$ cat model.pdb   # PDB, C-alpha atoms
MODEL        1
ATOM      1  CA  MET P  29     -19.894  31.151 -19.547
ATOM      2  CA  ILE P  30     -20.305  27.374 -19.439
ATOM      3  CA  VAL P  31     -22.540  27.464 -22.526
ATOM      4  CA  ARG P  32     -19.945  29.546 -24.392
ATOM      5  CA  TRP P  33     -17.236  27.027 -23.446
ATOM      6  CA  LEU P  34     -19.536  24.169 -24.511
ATOM      7  CA  ASN P  35     -20.197  25.911 -27.858
ATOM      8  CA  LYS P  36     -16.469  26.192 -28.526
ATOM      9  CA  LEU P  37     -15.838  22.583 -27.497
ATOM     10  CA  GLU P  38     -18.704  21.368 -29.683
ATOM     11  CA  GLU P  39     -17.417  23.241 -32.740
ATOM     12  CA  THR P  40     -13.853  22.025 -32.132
ATOM     13  CA  ILE P  41     -14.969  18.402 -31.880
ATOM     14  CA  PHE P  42     -17.240  18.883 -34.917
ATOM     15  CA  CYS P  43     -14.301  20.135 -37.002
ATOM     16  CA  ALA P  44     -11.905  17.475 -35.687
ATOM     17  CA  LEU P  45     -14.378  14.718 -36.587
ATOM     18  CA  LEU P  46     -14.709  16.038 -40.128
ATOM     19  CA  VAL P  47     -10.939  16.235 -40.555
ATOM     20  CA  ALA P  48     -10.425  12.747 -39.089
ATOM     21  CA  MET P  49     -13.130  11.238 -41.275
ATOM     22  CA  VAL P  50     -11.827  12.827 -44.483
ATOM     23  CA  PHE P  51      -8.234  11.900 -43.618
ATOM     24  CA  LEU P  52      -9.143   8.282 -42.852
ATOM     25  CA  VAL P  53     -11.112   7.895 -46.088
ATOM     26  CA  CYS P  54      -8.304   9.471 -48.151
ATOM     27  CA  VAL P  55      -5.674   7.214 -46.579
ATOM     28  CA  GLU P  56      -7.895   4.179 -47.150
ATOM     29  CA  VAL P  57      -8.384   5.116 -50.826
ATOM     30  CA  PHE P  58      -4.620   5.554 -51.219
ATOM     31  CA  TYR P  59      -3.905   2.190 -49.590
ATOM     32  CA  ARG P  60      -6.609   0.398 -51.555
ATOM     33  CA  PHE P  61      -5.969   1.804 -55.040
ATOM     34  CA  VAL P  62      -2.268   2.681 -54.977
ATOM     35  CA  LEU P  63      -0.824   0.017 -52.682
ATOM     36  CA  ALA P  64      -3.476  -2.616 -53.519
ATOM     37  CA  GLN P  65      -4.010  -3.284 -49.822
ATOM     38  CA  GLY P  66      -6.498  -1.902 -47.420
ATOM     39  CA  ILE P  67      -6.895  -0.860 -43.845
ATOM     40  CA  SER P  68      -9.061  -3.492 -42.225
ATOM     41  CA  TRP P  69     -10.716  -1.125 -39.748
ATOM     42  CA  ALA P  70     -11.109   1.949 -42.007
ATOM     43  CA  GLN P  71     -14.712   1.296 -43.013
ATOM     44  CA  GLU P  72     -15.882   0.736 -39.458
ATOM     45  CA  GLY P  73     -13.855   3.710 -38.243
ATOM     46  CA  SER P  74     -15.263   6.067 -40.863
ATOM     47  CA  LEU P  75     -18.776   4.781 -40.120
ATOM     48  CA  TYR P  76     -18.489   5.626 -36.424
ATOM     49  CA  LEU P  77     -16.744   8.946 -37.152
ATOM     50  CA  SER P  78     -19.578   9.911 -39.484
ATOM     51  CA  GLY P  79     -22.136   8.943 -36.829
ATOM     52  CA  TRP P  80     -20.417  11.162 -34.302
ATOM     53  CA  PHE P  81     -20.155  13.939 -36.896
ATOM     54  CA  VAL P  82     -23.874  13.753 -37.698
ATOM     55  CA  LEU P  83     -24.994  13.814 -34.073
ATOM     56  CA  PHE P  84     -22.733  16.767 -33.251
ATOM     57  CA  GLY P  85     -23.928  18.387 -36.482
ATOM     58  CA  VAL P  86     -27.607  18.095 -35.565
ATOM     59  CA  SER P  87     -26.998  20.063 -32.380
ATOM     60  CA  TRP P  88     -24.873  22.603 -34.223
ATOM     61  CA  GLY P  89     -27.587  22.965 -36.888
ATOM     62  CA  VAL P  90     -30.267  23.740 -34.295
ATOM     63  CA  LYS P  91     -27.990  26.302 -32.667
ATOM     64  CA  HIS P  92     -27.351  28.084 -35.984
ATOM     65  CA  GLY P  93     -30.792  27.618 -37.581
ATOM     66  CA  ALA P  94     -29.195  25.633 -40.397
ATOM     67  CA  HIS P  95     -31.898  22.958 -40.643
ATOM     68  CA  ILE P  96     -34.492  23.119 -43.375
ATOM     69  CA  GLY P  97     -38.084  23.190 -42.189
ATOM     70  CA  VAL P  98     -41.506  23.219 -43.740
ATOM     71  CA  ASP P  99     -42.896  26.291 -42.063
ATOM     72  CA  VAL P 100     -44.978  27.933 -44.806
ATOM     73  CA  LEU P 101     -48.161  27.833 -42.720
ATOM     74  CA  VAL P 102     -46.422  28.803 -39.501
ATOM     75  CA  LYS P 103     -44.954  31.921 -41.157
ATOM     76  CA  LYS P 104     -48.483  33.077 -42.014
ATOM     77  CA  LEU P 105     -49.516  33.081 -38.342
ATOM     78  CA  PRO P 106     -49.252  36.217 -36.198
ATOM     79  CA  ARG P 107     -46.198  36.444 -33.924
ATOM     80  CA  GLY P 108     -48.064  35.033 -30.906
ATOM     81  CA  GLY P 109     -49.332  32.087 -32.943
ATOM     82  CA  ARG P 110     -45.829  31.362 -34.240
ATOM     83  CA  ARG P 111     -44.511  31.386 -30.685
ATOM     84  CA  ILE P 112     -47.191  28.943 -29.503
ATOM     85  CA  VAL P 113     -46.639  26.577 -32.446
ATOM     86  CA  THR P 114     -42.860  26.768 -31.907
ATOM     87  CA  LEU P 115     -43.228  25.950 -28.197
ATOM     88  CA  ILE P 116     -45.484  22.979 -29.033
ATOM     89  CA  ALA P 117     -42.958  21.759 -31.636
ATOM     90  CA  LEU P 118     -40.153  22.174 -29.098
ATOM     91  CA  ALA P 119     -42.116  20.132 -26.551
ATOM     92  CA  VAL P 120     -42.479  17.342 -29.131
ATOM     93  CA  CYS P 121     -38.758  17.559 -29.990
ATOM     94  CA  LEU P 122     -37.759  17.487 -26.324
ATOM     95  CA  THR P 123     -39.995  14.466 -25.688
ATOM     96  CA  TYR P 124     -38.467  12.621 -28.638
ATOM     97  CA  CYS P 125     -34.895  13.483 -27.605
ATOM     98  CA  THR P 126     -35.584  12.429 -24.016
ATOM     99  CA  LEU P 127     -36.914   9.054 -25.184
ATOM    100  CA  ILE P 128     -33.840   8.523 -27.387
ATOM    101  CA  LEU P 129     -31.558   9.669 -24.537
ATOM    102  CA  VAL P 130     -33.083   7.155 -22.116
ATOM    103  CA  GLY P 131     -33.038   4.364 -24.719
ATOM    104  CA  SER P 132     -29.454   5.058 -25.717
ATOM    105  CA  TYR P 133     -28.357   5.093 -22.081
ATOM    106  CA  GLN P 134     -30.000   1.704 -21.565
ATOM    107  CA  TYR P 135     -28.326   0.410 -24.738
ATOM    108  CA  LEU P 136     -24.918   1.619 -23.519
ATOM    109  CA  GLN P 137     -25.451  -0.044 -20.159
ATOM    110  CA  LEU P 138     -26.311  -3.319 -21.876
ATOM    111  CA  THR P 139     -23.335  -3.259 -24.266
ATOM    112  CA  HIS P 140     -21.050  -2.346 -21.354
ATOM    113  CA  MET P 141     -22.429  -5.158 -19.215
ATOM    114  CA  ILE P 142     -22.090  -7.730 -22.015
ATOM    115  CA  GLY P 143     -18.654  -6.481 -23.010
ATOM    116  CA  ILE P 144     -19.205  -6.274 -26.763
ATOM    117  CA  GLU P 145     -16.330  -4.907 -28.843
ATOM    118  CA  LEU P 146     -16.413  -3.401 -32.301
ATOM    119  CA  GLN P 147     -15.936  -5.853 -35.129
ATOM    120  CA  ASP P 148     -12.660  -4.499 -36.560
ATOM    121  CA  ILE P 149     -11.426  -2.061 -33.903
ATOM    122  CA  PRO P 150     -10.480  -3.461 -30.487
ATOM    123  CA  ILE P 151     -12.470  -1.007 -28.360
ATOM    124  CA  PRO P 152     -15.668  -1.580 -26.401
ATOM    125  CA  LYS P 153     -18.798  -0.828 -28.399
ATOM    126  CA  TRP P 154     -20.252   1.307 -25.629
ATOM    127  CA  GLN P 155     -17.360   3.763 -26.059
ATOM    128  CA  ALA P 156     -17.916   4.010 -29.807
ATOM    129  CA  THR P 157     -21.645   4.600 -29.356
ATOM    130  CA  LEU P 158     -21.305   7.012 -26.439
ATOM    131  CA  ILE P 159     -22.291   9.773 -28.868
ATOM    132  CA  LEU P 160     -25.919   8.616 -28.731
ATOM    133  CA  PRO P 161     -26.668   9.997 -25.251
ATOM    134  CA  VAL P 162     -24.118  12.816 -25.650
ATOM    135  CA  GLY P 163     -25.702  13.914 -28.935
ATOM    136  CA  MET P 164     -29.217  13.760 -27.493
ATOM    137  CA  ALA P 165     -28.125  15.710 -24.402
ATOM    138  CA  LEU P 166     -26.618  18.411 -26.639
ATOM    139  CA  LEU P 167     -29.777  18.495 -28.736
ATOM    140  CA  ILE P 168     -31.928  18.817 -25.605
ATOM    141  CA  LEU P 169     -29.710  21.703 -24.473
ATOM    142  CA  ARG P 170     -30.138  23.447 -27.855
ATOM    143  CA  PHE P 171     -33.919  22.973 -27.802
ATOM    144  CA  LEU P 172     -34.072  24.319 -24.235
ATOM    145  CA  GLU P 173     -32.000  27.352 -25.280
ATOM    146  CA  LEU P 174     -34.333  27.956 -28.208
ATOM    147  CA  GLY P 175     -37.382  27.528 -25.967
ATOM    148  CA  TRP P 176     -35.982  30.076 -23.535
ATOM    149  CA  ARG P 177     -35.441  32.556 -26.390
ATOM    150  CA  VAL P 178     -39.047  32.005 -27.549
ATOM    151  CA  ILE P 179     -40.399  32.481 -24.018
ATOM    152  CA  LYS P 180     -38.359  35.687 -23.585
ATOM    153  CA  GLY P 181     -39.674  36.925 -26.943
ATOM    154  CA  ASP P 182     -36.271  37.087 -28.652
ATOM    155  CA  THR P 183     -37.510  34.807 -31.448
ATOM    156  CA  ASP P 184     -40.766  33.254 -32.554
ATOM    157  CA  SER P 185     -39.566  30.255 -34.555
ATOM    158  CA  PHE P 186     -36.817  27.703 -35.051
ATOM    159  CA  GLY P 187     -35.053  30.049 -37.479
ATOM    160  CA  PHE P 188     -34.955  27.467 -40.246
ATOM    161  CA  SER P 189     -32.831  28.040 -43.288
ATOM    162  CA  ASP P 190     -35.106  29.343 -46.061
ATOM    163  CA  GLU P 191     -33.900  27.837 -49.344
ATOM    164  CA  GLY P 192     -36.668  29.467 -51.365
ATOM    165  CA  GLN P 193     -35.772  32.940 -50.138
ATOM    166  CA  GLU P 194     -32.066  32.267 -50.685
ATOM    167  CA  SER P 195     -32.726  31.067 -54.243
ATOM    168  CA  MET P 196     -34.737  34.194 -55.016
ATOM    169  CA  ARG P 197     -31.945  36.397 -53.656
ATOM    170  CA  LEU P 198     -29.390  34.602 -55.841
ATOM    171  CA  ALA P 199     -31.651  34.841 -58.892
ATOM    172  CA  GLU P 200     -32.034  38.591 -58.394
ATOM    173  CA  GLN P 201     -28.249  39.019 -58.197
ATOM    174  CA  ARG P 202     -27.422  37.262 -61.461
ATOM    175  CA  ASP P 203     -26.595  39.290 -64.552
ATOM    176  CA  PRO P 204     -29.148  38.641 -67.340
ATOM    177  CA  GLU P 205     -26.459  39.129 -70.006
ATOM    178  CA  ASP P 206     -24.667  35.983 -68.780
ATOM    179  CA  TYR P 207     -27.593  33.762 -69.846
ATOM    180  CA  ASP P 208     -29.209  32.834 -73.181
ATOM    181  CA  LYS P 209     -32.962  33.065 -73.979
ATOM    182  CA  GLU P 210     -33.732  29.813 -72.154
ATOM    183  CA  GLY P 211     -31.936  30.951 -68.988
ATOM    184  CA  ARG P 212     -28.860  28.741 -69.427
ATOM    185  CA  PRO P 213     -25.377  30.105 -68.668
TER     186      PRO P 213
ENDMDL
END

$ encode --input "model.pdb" --output "structure tokens"
Amino acid sequence: MIVRWLNKLEETIFCALLVAMVFLVCVEVFYRFVLAQGISWAQEGSLYLSGWFVLFGVSWGVKHGAHIGVDVLVKKLPRGGRRIVTLIALAVCLTYCTLILVGSYQYLQLTHMIGIELQDIPIPKWQATLILPVGMALLILRFLELGWRVIKGDTDSFGFSDEGQESMRLAEQRDPEDYDKEGRP
């Protein structure tokens, strides 16, 4: 129940960040090129929005298997071997995320203690960079969920997006009459 609520919240924030970032950039372009002015904080704002978007997106990508992976050798292993390799990879990922989580928490504490503000936006820097530990915590949650599914036997891999397989599927669907001898449309 809590995970389902968290999934919905994550996707809502993910979408809101994308909309806010696109809107801010469009307004800045309008101001800069039509009104010959600019919004002094737009660049910094879009930078932090994109950072938040990326760190929410990484978690979302793990949840949906949207990341691209080099797993040619792993796919050739038997199911048990794939599960073991996946669990080892998850342990490495969890270690990395934990290190970044601890480091980002220490960084936030330091910026909070010093009282640093953003350069163009009058808010404390620790609030703008709060996504660092939040993003790592979400990523840890997603890796733990995936690990649990591997342990239960529901899956044996990360479920990476397979671009090669997708390209072959698209190539098989195309109509040969739409292309010339060299394969150009």

$ resolve_selection --input "model.pdb" --expression "the PyMOL selection byres ((chain P and resi 181) around 12)" --output "PyMOL selection string"
chain P and resi 107-108+110-112+114-115+174-180+182-185

$ residues_around --input "model.pdb" --residues "Ile128 in chain P" --least-positions-apart "6" --cutoff "12 Å" --atoms "all atoms listed in the file" --output "mmCIF file with C-alpha atoms, keeping the file's coordinate frame"
data_model
loop_
_atom_site.group_PDB
_atom_site.id
_atom_site.type_symbol
_atom_site.label_atom_id
_atom_site.label_comp_id
_atom_site.auth_asym_id
_atom_site.auth_seq_id
_atom_site.Cartn_x
_atom_site.Cartn_y
_atom_site.Cartn_z
ATOM 1 C CA CYS P 121 -38.758 17.559 -29.990
ATOM 2 C CA LEU P 122 -37.759 17.487 -26.324
ATOM 3 C CA GLN P 134 -30.000 1.704 -21.565
ATOM 4 C CA TYR P 135 -28.326 0.410 -24.738
ATOM 5 C CA LEU P 136 -24.918 1.619 -23.519
ATOM 6 C CA ILE P 159 -22.291 9.773 -28.868
ATOM 7 C CA LEU P 160 -25.919 8.616 -28.731
ATOM 8 C CA PRO P 161 -26.668 9.997 -25.251
ATOM 9 C CA VAL P 162 -24.118 12.816 -25.650
ATOM 10 C CA GLY P 163 -25.702 13.914 -28.935
ATOM 11 C CA MET P 164 -29.217 13.760 -27.493
ATOM 12 C CA ALA P 165 -28.125 15.710 -24.402
ATOM 13 C CA LEU P 167 -29.777 18.495 -28.736
ATOM 14 C CA ILE P 168 -31.928 18.817 -25.605
#

$ atom_distance --input "model.pdb" --atom1 "CA of Leu158 in chain P" --atom2 "CA of Val120 in chain P"
23.7 Å

$ closest_residue --input "model.pdb" --among "P:Tyr133, P:Phe186, P:Phe171, P:Trp80" --to "Met49 in chain P" --atoms "all atoms listed in the file"
P:Trp80

$ closest_residue --input "model.pdb" --among "P:Cys125, P:Ile144, P:Leu172, P:Val86" --to "Thr157 in chain P" --atoms "only C-alpha atoms"
P:Ile144
